[in-house]
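Asks: The following file, data-v8.cif, comprises mmCIF, C-alpha atoms and all ligand atoms:
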```cif
data_entry
#
loop_
_atom_site.label_atom_id
_atom_site.label_comp_id
_atom_site.auth_asym_id
_atom_site.auth_seq_id
_atom_site.Cartn_x
_atom_site.Cartn_y
_atom_site.Cartn_z
CA ASN A 1 -69.26 36.21 -43.26
CA ALA A 2 -68.49 38.67 -46.05
CA MET A 3 -65.02 39.41 -44.65
CA THR A 4 -63.74 35.93 -45.39
CA SER A 5 -65.10 34.97 -48.78
CA PRO A 6 -63.28 31.66 -49.32
CA ALA A 7 -63.92 31.61 -53.07
CA ALA A 8 -61.95 34.84 -53.52
CA SER A 9 -59.03 33.78 -51.33
CA PRO A 10 -55.89 32.07 -52.65
CA ALA A 11 -55.93 29.79 -49.59
CA ASP A 12 -55.82 26.02 -50.06
CA VAL A 13 -57.18 25.38 -46.59
CA CYS A 14 -59.60 27.79 -45.02
CA PHE A 15 -61.38 27.58 -41.66
CA VAL A 16 -64.27 29.97 -41.06
CA GLN A 17 -65.32 30.19 -37.42
CA VAL A 18 -64.69 26.51 -36.85
CA GLU A 19 -65.63 25.24 -33.42
CA LYS A 20 -64.98 21.73 -32.11
CA LYS A 21 -66.51 20.46 -28.91
CA PHE A 22 -66.02 17.02 -27.37
CA ASP A 23 -68.86 16.63 -24.86
CA THR A 24 -68.02 19.36 -22.36
CA THR A 25 -64.50 20.16 -23.66
CA THR A 26 -64.20 22.89 -26.25
CA ALA A 27 -61.08 21.87 -28.18
CA LEU A 28 -61.36 24.78 -30.65
CA HIS A 29 -63.11 28.13 -30.19
CA SER A 30 -64.30 29.72 -33.44
CA LEU A 31 -61.08 29.26 -35.35
CA ASP A 32 -60.32 31.30 -38.47
CA LEU A 33 -57.41 30.05 -40.52
CA GLU A 34 -56.09 30.56 -44.04
CA ILE A 35 -53.30 28.42 -45.42
CA GLU A 36 -51.88 29.61 -48.71
CA ARG A 37 -51.41 27.22 -51.61
CA GLY A 38 -47.95 25.72 -51.78
CA SER A 39 -46.91 26.92 -48.35
CA LEU A 40 -45.74 25.10 -45.25
CA PHE A 41 -47.90 26.08 -42.30
CA ALA A 42 -47.01 25.09 -38.73
CA LEU A 43 -49.52 24.67 -35.91
CA LEU A 44 -47.45 25.32 -32.80
CA GLY A 45 -48.46 25.10 -29.17
CA PRO A 46 -48.30 23.19 -25.91
CA SER A 47 -50.01 19.86 -25.26
CA GLY A 48 -53.79 20.07 -25.41
CA CYS A 49 -53.98 23.39 -27.27
CA GLY A 50 -55.89 21.88 -30.20
CA LYS A 51 -53.19 21.32 -32.84
CA THR A 52 -54.05 17.70 -33.59
CA THR A 53 -57.78 18.43 -33.57
CA THR A 54 -57.18 21.12 -36.21
CA LEU A 55 -55.21 18.66 -38.36
CA ARG A 56 -57.88 15.94 -37.96
CA LEU A 57 -60.55 18.42 -39.04
CA ILE A 58 -58.61 19.13 -42.26
CA ALA A 59 -58.37 15.37 -42.86
CA GLY A 60 -62.04 14.78 -42.09
CA PHE A 61 -61.32 12.35 -39.22
CA GLU A 62 -63.32 14.80 -37.12
CA GLN A 63 -66.17 17.11 -38.08
CA PRO A 64 -66.65 20.63 -36.68
CA THR A 65 -69.52 21.33 -34.29
CA ALA A 66 -69.87 24.78 -35.93
CA GLY A 67 -68.34 26.69 -38.82
CA HIS A 68 -67.04 25.69 -42.24
CA ILE A 69 -63.90 24.20 -43.74
CA TYR A 70 -62.89 24.86 -47.34
CA ILE A 71 -60.20 23.05 -49.30
CA ARG A 72 -59.22 24.61 -52.64
CA GLY A 73 -62.34 26.76 -52.44
CA THR A 74 -64.74 23.82 -51.99
CA ASP A 75 -66.78 23.54 -48.80
CA VAL A 76 -65.76 20.12 -47.43
CA THR A 77 -67.55 20.51 -44.09
CA GLY A 78 -69.15 17.14 -43.34
CA LEU A 79 -67.23 15.30 -46.07
CA PRO A 80 -65.68 12.10 -44.68
CA ALA A 81 -61.91 11.52 -44.79
CA TYR A 82 -61.99 8.99 -47.63
CA LYS A 83 -63.53 11.60 -49.94
CA ARG A 84 -60.79 14.15 -49.27
CA SER A 85 -57.39 14.43 -50.94
CA PHE A 86 -54.62 14.45 -48.36
CA GLY A 87 -51.47 12.55 -47.49
CA MET A 88 -50.61 12.11 -43.84
CA VAL A 89 -47.50 11.29 -41.84
CA PHE A 90 -47.85 10.32 -38.20
CA GLN A 91 -45.47 10.55 -35.26
CA SER A 92 -45.14 6.74 -35.25
CA PHE A 93 -44.58 6.57 -39.08
CA ALA A 94 -47.26 3.82 -39.17
CA LEU A 95 -45.54 1.76 -41.91
CA PHE A 96 -46.87 -1.73 -42.64
CA PRO A 97 -44.15 -4.04 -41.22
CA HIS A 98 -44.98 -6.99 -43.52
CA LEU A 99 -44.72 -4.89 -46.71
CA THR A 100 -41.51 -3.78 -48.44
CA VAL A 101 -40.63 -0.14 -48.81
CA ALA A 102 -42.00 -0.11 -52.38
CA GLU A 103 -45.19 -1.92 -51.33
CA ASN A 104 -45.71 0.54 -48.48
CA VAL A 105 -45.43 3.46 -50.89
CA ALA A 106 -47.65 1.72 -53.49
CA PHE A 107 -50.40 0.98 -50.97
CA GLY A 108 -52.40 4.21 -51.41
CA LEU A 109 -52.17 3.97 -55.20
CA LYS A 110 -53.50 0.39 -55.20
CA MET A 111 -56.40 1.49 -53.00
CA ARG A 112 -57.16 4.14 -55.61
CA ASN A 113 -57.06 1.53 -58.42
CA VAL A 114 -54.20 3.21 -60.26
CA PRO A 115 -53.01 0.98 -63.18
CA LYS A 116 -49.99 -1.21 -62.31
CA PRO A 117 -47.36 0.28 -64.67
CA GLU A 118 -48.29 3.73 -63.44
CA ILE A 119 -47.90 2.58 -59.83
CA ALA A 120 -44.39 1.28 -60.51
CA ALA A 121 -43.34 4.57 -62.09
CA LYS A 122 -44.86 6.72 -59.35
CA VAL A 123 -43.37 4.62 -56.56
CA ALA A 124 -39.92 4.78 -58.16
CA ALA A 125 -40.20 8.56 -58.52
CA ALA A 126 -41.38 9.02 -54.92
CA LEU A 127 -38.53 6.86 -53.57
CA GLU A 128 -36.07 8.82 -55.71
CA LEU A 129 -37.48 12.01 -54.22
CA VAL A 130 -36.65 10.89 -50.68
CA GLU A 131 -33.34 9.34 -51.83
CA LEU A 132 -34.37 5.77 -51.07
CA GLY A 133 -34.29 4.47 -54.63
CA THR A 134 -31.99 1.57 -53.67
CA PHE A 135 -34.08 0.56 -50.63
CA ALA A 136 -37.26 -0.46 -52.50
CA ASP A 137 -37.10 -4.16 -51.54
CA ARG A 138 -36.19 -3.75 -47.88
CA TYR A 139 -38.63 -4.11 -45.00
CA PRO A 140 -39.23 -1.28 -42.51
CA ARG A 141 -37.36 -3.14 -39.74
CA GLN A 142 -34.23 -3.05 -41.94
CA LEU A 143 -34.27 0.76 -42.01
CA SER A 144 -33.08 3.47 -39.62
CA GLY A 145 -35.61 5.82 -38.00
CA GLY A 146 -34.83 8.58 -40.48
CA GLN A 147 -35.21 6.21 -43.44
CA GLN A 148 -38.55 4.96 -42.12
CA GLN A 149 -39.65 8.54 -41.84
CA ARG A 150 -38.70 9.16 -45.47
CA VAL A 151 -40.72 6.11 -46.55
CA ALA A 152 -43.72 7.52 -44.67
CA LEU A 153 -43.21 10.80 -46.51
CA ALA A 154 -42.94 9.08 -49.90
CA ARG A 155 -46.15 7.19 -49.15
CA ALA A 156 -47.93 10.43 -48.22
CA VAL A 157 -46.94 12.39 -51.35
CA VAL A 158 -46.96 9.62 -54.01
CA PHE A 159 -50.58 10.20 -55.08
CA GLU A 160 -50.06 13.99 -55.28
CA PRO A 161 -52.67 14.97 -52.69
CA ASP A 162 -54.08 18.50 -52.38
CA VAL A 163 -52.70 18.77 -48.86
CA LEU A 164 -49.91 17.06 -46.91
CA LEU A 165 -50.60 16.69 -43.17
CA LEU A 166 -47.71 16.03 -40.78
CA ASP A 167 -48.53 15.23 -37.15
CA GLU A 168 -45.35 15.68 -35.06
CA PRO A 169 -43.50 13.63 -37.70
CA LEU A 170 -40.05 14.11 -36.17
CA SER A 171 -40.65 13.68 -32.45
CA ALA A 172 -39.57 10.01 -32.49
CA LEU A 173 -36.13 10.91 -33.86
CA ASP A 174 -33.06 11.99 -31.92
CA LYS A 175 -31.97 15.62 -32.03
CA MET A 176 -29.35 15.40 -34.79
CA LEU A 177 -31.55 13.38 -37.11
CA ARG A 178 -34.53 15.60 -36.34
CA GLU A 179 -32.61 18.71 -37.39
CA GLN A 180 -31.47 17.01 -40.58
CA MET A 181 -35.03 15.84 -41.38
CA GLN A 182 -36.40 19.35 -40.75
CA VAL A 183 -34.26 20.62 -43.60
CA GLU A 184 -35.05 17.58 -45.80
CA ILE A 185 -38.81 17.91 -45.35
CA ARG A 186 -38.58 21.62 -46.06
CA HIS A 187 -36.66 21.01 -49.30
CA LEU A 188 -39.05 18.25 -50.37
CA GLN A 189 -42.06 20.45 -49.68
CA GLN A 190 -40.55 23.32 -51.66
CA ARG A 191 -39.66 21.09 -54.60
CA LEU A 192 -43.21 19.70 -54.72
CA LYS A 193 -44.81 23.04 -53.80
CA MET A 194 -47.30 21.00 -51.83
CA THR A 195 -49.54 22.76 -49.33
CA THR A 196 -48.38 21.30 -46.03
CA VAL A 197 -49.73 21.56 -42.51
CA PHE A 198 -47.28 20.61 -39.81
CA VAL A 199 -48.12 20.02 -36.13
CA THR A 200 -45.35 20.58 -33.60
CA HIS A 201 -44.81 21.68 -30.01
CA ASP A 202 -41.18 22.57 -30.80
CA GLN A 203 -40.79 26.27 -31.44
CA GLU A 204 -37.40 25.97 -33.16
CA GLU A 205 -38.83 23.39 -35.53
CA ALA A 206 -41.71 25.70 -36.43
CA LEU A 207 -39.40 28.70 -36.94
CA THR A 208 -36.95 26.65 -39.03
CA MET A 209 -39.44 25.02 -41.35
CA ALA A 210 -42.57 27.08 -41.79
CA ASP A 211 -43.61 29.89 -44.11
CA ARG A 212 -46.25 30.81 -41.54
CA VAL A 213 -46.87 29.71 -37.98
CA ALA A 214 -50.05 29.75 -35.92
CA VAL A 215 -49.31 29.80 -32.20
CA MET A 216 -52.14 28.09 -30.32
CA LYS A 217 -53.20 27.96 -26.69
CA ASP A 218 -56.42 26.64 -25.15
CA GLY A 219 -58.15 26.11 -28.49
CA ARG A 220 -57.42 29.59 -29.78
CA ILE A 221 -54.90 30.97 -32.24
CA GLN A 222 -52.91 33.49 -30.25
CA GLN A 223 -51.06 34.80 -33.30
CA ALA A 224 -50.45 33.73 -36.89
CA GLY A 225 -47.65 35.10 -39.01
CA THR A 226 -44.24 34.51 -40.52
CA PRO A 227 -41.59 33.12 -38.16
CA ARG A 228 -40.04 36.58 -38.06
CA ASP A 229 -43.40 38.25 -37.24
CA ILE A 230 -44.17 36.05 -34.30
CA TYR A 231 -40.63 36.03 -32.95
CA ASP A 232 -39.91 39.75 -33.34
CA ARG A 233 -43.42 41.15 -32.88
CA PRO A 234 -45.23 38.85 -30.42
CA LEU A 235 -48.76 40.05 -29.66
CA ASN A 236 -48.95 38.83 -26.10
CA GLU A 237 -46.90 37.36 -23.28
CA PHE A 238 -47.78 33.77 -24.15
CA VAL A 239 -46.44 34.10 -27.70
CA ALA A 240 -43.38 36.05 -26.50
CA THR A 241 -42.35 33.43 -23.95
CA PHE A 242 -43.43 30.31 -25.86
CA LEU A 243 -41.08 31.26 -28.71
CA GLY A 244 -37.92 31.23 -26.62
CA ALA A 245 -36.67 33.38 -23.80
CA SER A 246 -38.12 36.83 -23.52
CA ASN A 247 -37.89 39.46 -20.84
CA ILE A 248 -41.19 40.93 -19.77
CA ILE A 249 -40.52 44.57 -18.97
CA GLU A 250 -43.08 46.30 -16.76
CA ALA A 251 -43.51 50.03 -17.30
CA THR A 252 -45.71 52.95 -16.37
CA VAL A 253 -46.66 55.67 -18.86
CA LYS A 254 -45.38 59.06 -17.68
CA GLY A 255 -46.71 61.13 -20.55
CA THR A 256 -46.65 61.75 -24.26
CA GLU A 257 -44.36 64.19 -26.08
CA ASP A 258 -44.03 65.12 -29.75
CA THR A 259 -41.21 62.60 -30.08
CA GLY A 260 -43.10 59.70 -28.54
CA THR A 261 -44.34 58.22 -25.30
CA VAL A 262 -42.32 58.54 -22.10
CA ILE A 263 -42.32 55.52 -19.82
CA ASP A 264 -40.80 54.60 -16.48
CA VAL A 265 -39.00 51.27 -16.18
CA ALA A 266 -37.94 50.61 -12.59
CA GLY A 267 -36.98 54.25 -12.06
CA ASN A 268 -35.43 54.76 -15.52
CA THR A 269 -37.05 57.15 -17.98
CA LEU A 270 -37.28 55.80 -21.53
CA ARG A 271 -38.74 57.27 -24.71
CA ILE A 272 -40.52 54.94 -27.08
CA ARG A 273 -42.49 55.36 -30.29
CA ALA A 274 -45.82 57.07 -29.52
CA ILE A 275 -48.46 54.62 -28.35
CA PRO A 276 -52.05 55.42 -27.44
CA ALA A 277 -51.92 55.09 -23.63
CA THR A 278 -52.84 57.62 -20.98
CA THR A 279 -50.51 58.76 -18.18
CA GLY A 280 -50.39 56.25 -15.33
CA THR A 281 -51.24 53.24 -17.51
CA ARG A 282 -49.21 50.11 -16.64
CA LEU A 283 -47.80 48.36 -19.70
CA ARG A 284 -45.86 45.18 -20.38
CA PHE A 285 -43.25 44.85 -23.09
CA ALA A 286 -41.36 41.89 -24.52
CA LEU A 287 -37.63 42.37 -24.99
CA ARG A 288 -35.43 39.54 -26.25
CA PRO A 289 -32.23 38.90 -24.24
CA GLU A 290 -30.11 39.06 -27.40
CA LYS A 291 -31.33 42.63 -28.11
CA ILE A 292 -29.62 43.89 -24.97
CA SER A 293 -25.96 44.88 -24.95
CA ILE A 294 -23.87 45.77 -21.93
CA GLY A 295 -21.18 48.29 -21.24
CA PRO A 296 -19.36 49.73 -18.26
CA ILE A 297 -20.82 52.55 -16.18
CA THR A 298 -18.60 55.42 -17.28
CA GLY A 299 -18.21 58.23 -14.78
CA SER A 300 -20.95 60.82 -14.73
CA THR A 301 -22.25 60.21 -18.28
CA THR A 302 -25.08 57.84 -17.51
CA THR A 303 -26.33 56.52 -20.79
CA GLY A 304 -28.30 53.31 -20.81
CA VAL A 305 -30.06 51.66 -17.92
CA SER A 306 -27.98 50.71 -14.91
CA ALA A 307 -28.34 47.13 -13.76
CA THR A 308 -26.78 44.86 -11.17
CA VAL A 309 -25.26 41.53 -12.22
CA ARG A 310 -26.79 38.59 -10.32
CA GLU A 311 -25.02 35.84 -12.21
CA ALA A 312 -22.93 35.51 -15.37
CA ILE A 313 -22.75 32.16 -17.13
CA TYR A 314 -19.92 31.71 -19.60
CA ARG A 315 -21.04 29.72 -22.65
CA GLY A 316 -18.05 29.90 -24.95
CA SER A 317 -19.25 32.14 -27.76
CA GLN A 318 -21.78 33.90 -25.52
CA THR A 319 -22.29 34.93 -21.94
CA LEU A 320 -25.72 34.58 -20.37
CA LEU A 321 -26.37 37.32 -17.81
CA TYR A 322 -28.97 37.39 -15.07
CA LEU A 323 -29.42 41.00 -14.11
CA ASP A 324 -31.61 43.19 -12.01
CA ILE A 325 -32.91 46.66 -12.91
CA GLY A 326 -34.20 48.27 -9.73
CA GLY A 327 -35.61 44.94 -8.52
CA MET A 328 -36.91 43.83 -11.93
CA PRO A 329 -35.15 40.68 -13.24
CA VAL A 330 -33.78 40.95 -16.79
CA ASN A 331 -31.72 38.46 -18.79
CA ALA A 332 -29.22 39.33 -21.49
CA VAL A 333 -27.19 37.23 -23.90
CA VAL A 334 -24.00 38.89 -25.06
CA GLN A 335 -21.53 37.71 -27.69
CA ASN A 336 -18.05 37.19 -26.28
CA ALA A 337 -16.14 37.79 -29.51
CA GLY A 338 -14.20 41.02 -29.31
CA VAL A 339 -15.84 42.17 -26.10
CA GLU A 340 -13.53 43.87 -23.62
CA PRO A 341 -13.45 41.72 -20.50
CA MET A 342 -15.59 43.49 -17.91
CA ASN A 343 -16.27 42.88 -14.29
CA LEU A 344 -19.32 40.62 -14.34
CA GLU A 345 -19.00 39.36 -10.78
CA PRO A 346 -22.27 39.17 -8.84
CA GLY A 347 -23.02 42.66 -7.53
CA ALA A 348 -21.17 44.50 -10.33
CA VAL A 349 -23.10 47.42 -11.80
CA VAL A 350 -23.22 47.68 -15.60
CA ALA A 351 -25.03 49.80 -18.17
CA LEU A 352 -27.60 48.09 -20.40
CA HIS A 353 -28.34 49.40 -23.86
CA TRP A 354 -31.08 48.45 -26.25
CA ASP A 355 -32.95 50.02 -29.10
CA ASN A 356 -36.35 50.91 -27.69
CA ALA A 357 -37.88 49.88 -31.02
CA ASN A 358 -37.18 46.31 -29.88
CA MET A 359 -39.54 46.72 -26.93
CA VAL A 360 -42.81 45.18 -28.12
CA ALA A 361 -45.94 46.33 -26.28
CA LEU A 362 -47.99 43.27 -25.28
CA GLU A 363 -51.74 42.79 -25.20
CA PRO A 364 -53.34 40.66 -22.48
CA THR A 365 -53.31 36.93 -23.36
CA PRO A 366 -56.88 35.80 -24.15
P1 LIG B 1 -50.87 17.14 -27.97
O1 LIG B 1 -49.66 17.92 -28.34
O2 LIG B 1 -50.83 16.65 -26.56
O3 LIG B 1 -51.24 16.09 -28.96
P2 LIG B 1 -52.88 18.92 -29.08
O4 LIG B 1 -52.52 20.36 -29.10
O5 LIG B 1 -52.71 18.18 -30.34
O6 LIG B 1 -52.09 18.20 -27.90
P3 LIG B 1 -55.61 18.05 -29.14
O7 LIG B 1 -55.28 16.61 -29.25
O8 LIG B 1 -56.10 18.72 -30.36
O9 LIG B 1 -54.37 18.86 -28.56
O10 LIG B 1 -56.67 18.24 -27.97
C1 LIG B 1 -57.31 19.46 -27.66
C2 LIG B 1 -58.28 19.27 -26.52
O11 LIG B 1 -59.37 18.43 -26.92
C3 LIG B 1 -57.68 18.60 -25.30
O12 LIG B 1 -58.23 19.17 -24.16
C4 LIG B 1 -58.11 17.14 -25.46
O13 LIG B 1 -58.20 16.52 -24.20
C5 LIG B 1 -59.46 17.28 -26.12
N1 LIG B 1 -59.77 16.12 -27.00
C6 LIG B 1 -59.13 15.77 -28.11
N2 LIG B 1 -59.67 14.68 -28.68
C7 LIG B 1 -60.70 14.31 -27.89
C8 LIG B 1 -61.69 13.26 -27.92
N3 LIG B 1 -61.71 12.37 -28.92
N4 LIG B 1 -62.59 13.20 -26.92
C9 LIG B 1 -62.57 14.11 -25.92
N5 LIG B 1 -61.69 15.12 -25.84
C10 LIG B 1 -60.77 15.25 -26.78
#
```
The structure given in the file should be rewritten as structure tokens.
Replies:
Amino acid sequence: NAMTSPAASPADVCFVQVEKKFDTTTALHSLDLEIERGSLFALLGPSGCGKTTTLRLIAGFEQPTAGHIYIRGTDVTGLPAYKRSFGMVFQSFALFPHLTVAENVAFGLKMRNVPKPEIAAKVAAALELVELGTFADRYPRQLSGGQQQRVALARAVVFEPDVLLLDEPLSALDKMLREQMQVEIRHLQQRLKMTTVFVTHDQEEALTMADRVAVMKDGRIQQAGTPRDIYDRPLNEFVATFLGASNIIEATVKGTEDTGTVIDVAGNTLRIRAIPATTGTRLRFALRPEKISIGPITGSTTTGVSATVREAIYRGSQTLLYLDIGGMPVNAVVQNAGVEPMNLEPGAVVALHWDNANMVALEPTP
């Protein structure tokens, strides 16, 4: 495939049309993937979408049934795990309970026959990195969940692998600790500039931590891009709704003018940026609830789209609104600060406003 010459690409990890079948299950369909050197890349998707299989293929725990995998420009397809250079952190941490913190971290170095004085120095540096310098002689059972996780991280990075692989490393931790560790792992990864692949089913985690995210479903990458790309410009309905709440706005194309395309949304005429669609075509758009603002219906000047309030839920700083535009349900989140109190009782009619540039035309989900 001349389009994806791995030698010429700056990617540290590169999949070229990688397929993975288990008997009759196809876990991955012809996956193409490029992970830039020094970046943190998140594989995000629901259970069974193929995230872990992708990670295990990078490690060499599994081999593809078709296609090629390159690490730092070298074709590693078929190379077993023990001949590859990666550090890995698992969901369960997988520390050795009978070894101290320092011995846990030293384990991989001993296996690689690193000289003893060098081991001591590297272990001390790795523990310093995760701020566990004073915990070297403790046993895992004497540590909190977050500390155990940091030991697992130190153990994974201590031999300076080409790639760091993290398989849902935070899912065993409670919410507060998880959010703290998200930031810690991100800082550690940036300090080390270590190419890192992170598996998660938590969209906020992926958006918070990653340079780039691949959203997966049914063994296919639905979209890969920066957190902002995939959140603001989702390609299809799956990506739009998997990454948090999104309205799906149904529309019919009424025609095209010099200024753009005219569409009908539940009886309202809207003008959007010109898109190549013929009159009568039915389209679906994603529109985030926070992109919608509300105002009163003011006399005869009908700007905006009129909507009926179904329910308003007060949330302190915000109000969550369930609305209806000519029978089409739409949600909005409005900030309460400085907003004139309005009648938001069920049945009240309000005007909705949004920048049509925030309506993202969706492709069918493959
Ligand atoms: P989860 O979040 O639940 O771990 P995942 O996205 O990591 O899910 P994978 O573990 O990669 O998903 O699995 C992808 C598909 O491949 C699933 O349908 C799974 O049942 C199947 N699969 C994975 N490993 C094997 C195996 N060793 N034998 C048979 N089928 C497998």
Asks: Around ligand LIG 1 (chain B), out to 10 Å and counting only C-alpha atoms and all ligand atoms, which residues are there? I want them as a ChimeraX atom specification.
Replies: /A:20-28,43-57,62,167-168,199-202,216-219
Asks: Considering only C-alpha atoms, can you say which of A:Asp162, A:Asp232, A:Asp75, A:Glu103 comes closest to Pro289 (chain A)?
Replies: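 Closest to Pro289 (chain A), using only C-alpha atoms: A:Asp232.
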Asks: Rounded to one decimal, what separation in Å do you get between CA of Thr252 (chain A) and CA of Asn331 (chain A)?
Replies: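 That distance, rounded to one decimal, is 20.3 Å.
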Asks: Go through A:Leu192, A:Ala121, A:Leu33, A:Met209 and flag the residue nearest Val163 (chain A), using all atoms listed in the file for the distances.
Replies: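 For Val163 (chain A), the nearest of the given residues is A:Leu192.
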Asks: For a test of reading the model, state the distance in Å between CA of Val213 (chain A) and CA of Gln182 (chain A), rounded to one decimal.
Replies: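 Taking CA of Val213 (chain A) and CA of Gln182 (chain A), their separation equals 15.0 Å.
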Asks: Nearest residue to Ile69 (chain A) out of A:Gln222, A:Ser39, A:Thr195, A:Gln17, using only C-alpha atoms?
Replies: A:Gln17
Asks: Show me, as number ranges by chain, the residues that have an atom within 7 Å of region 347-354 of chain A when counting only C-alpha atoms, minus same-chain residues fewer than 6 positions from it.
Replies: A: 291-297, 304-310
Asks: With only C-alpha atoms as the atoms that count, which of A:Gln190, A:Ser144, A:Ser317, A:Thr241 lies nearest to Leu132 (chain A)?
Replies: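 Of all the options, A:Ser144 lies closest to Leu132 (chain A).
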Asks: Show me, as a ChimeraX atom specification, the residues that have an atom within 10 Å of Asp12 (chain A) when counting all atoms listed in the file, minus same-chain residues fewer than 5 positions from it.
Replies: /A:6,34-39,70-74,162-163,195-196
Asks: What's the 6 Å shell around Val330 (chain A), counting all atoms listed in the file, without same-chain residues fewer than 2 positions away, as an NGL selection string?
Replies: :A and (247 or 323-324)
Asks: Report, in Å to a single decimal, how far apart CA of Pro364 (chain A) and CA of Pro276 (chain A) are.
Replies: 15.6 Å
Asks: Between A:Ile248, A:Gly280, A:Met328, A:Ala156, which residue has the minimum interatomic distance to Asn268 (chain A), considering all atoms listed in the file?
Replies: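 Ranking A:Ile248, A:Gly280, A:Met328, A:Ala156 by distance to Asn268 (chain A), first place goes to A:Met328.
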Asks: Can you find the residues with an atom no farther than 12 Å from (-62.5, 10.9, -49.5), counting only C-alpha atoms, and report them as a JSON list (two decimals) with C-alpha atoms, keeping the file's coordinate frame?
Replies:
```
[["chain", "number", "residue", "atom", "x", "y", "z"],
["A", 58, "ILE", "CA", -58.61, 19.13, -42.26],
["A", 59, "ALA", "CA", -58.37, 15.37, -42.86],
["A", 60, "GLY", "CA", -62.04, 14.78, -42.09],
["A", 61, "PHE", "CA", -61.32, 12.35, -39.22],
["A", 76, "VAL", "CA", -65.76, 20.12, -47.43],
["A", 78, "GLY", "CA", -69.15, 17.14, -43.34],
["A", 79, "LEU", "CA", -67.23, 15.30, -46.07],
["A", 80, "PRO", "CA", -65.68, 12.10, -44.68],
["A", 81, "ALA", "CA", -61.91, 11.52, -44.79],
["A", 82, "TYR", "CA", -61.99, 8.99, -47.63],
["A", 83, "LYS", "CA", -63.53, 11.60, -49.94],
["A", 84, "ARG", "CA", -60.79, 14.15, -49.27],
["A", 85, "SER", "CA", -57.39, 14.43, -50.94],
["A", 86, "PHE", "CA", -54.62, 14.45, -48.36],
["A", 87, "GLY", "CA", -51.47, 12.55, -47.49],
["A", 111, "MET", "CA", -56.40, 1.49, -53.00],
["A", 112, "ARG", "CA", -57.16, 4.14, -55.61],
["A", 161, "PRO", "CA", -52.67, 14.97, -52.69],
["A", 162, "ASP", "CA", -54.08, 18.50, -52.38]]
```
Asks: Work out where the centre of an axis-aligned box around every listed atom of region 319-338 of chain A lies and how long its edges are once 8 Å is added on each side; give both in Å to one decimal as JSON.
Replies:
```
{"center_x": -25.6, "center_y": 41.4, "center_z": -19.0, "size_x": 38.7, "size_y": 29.7, "size_z": 37.0}
```
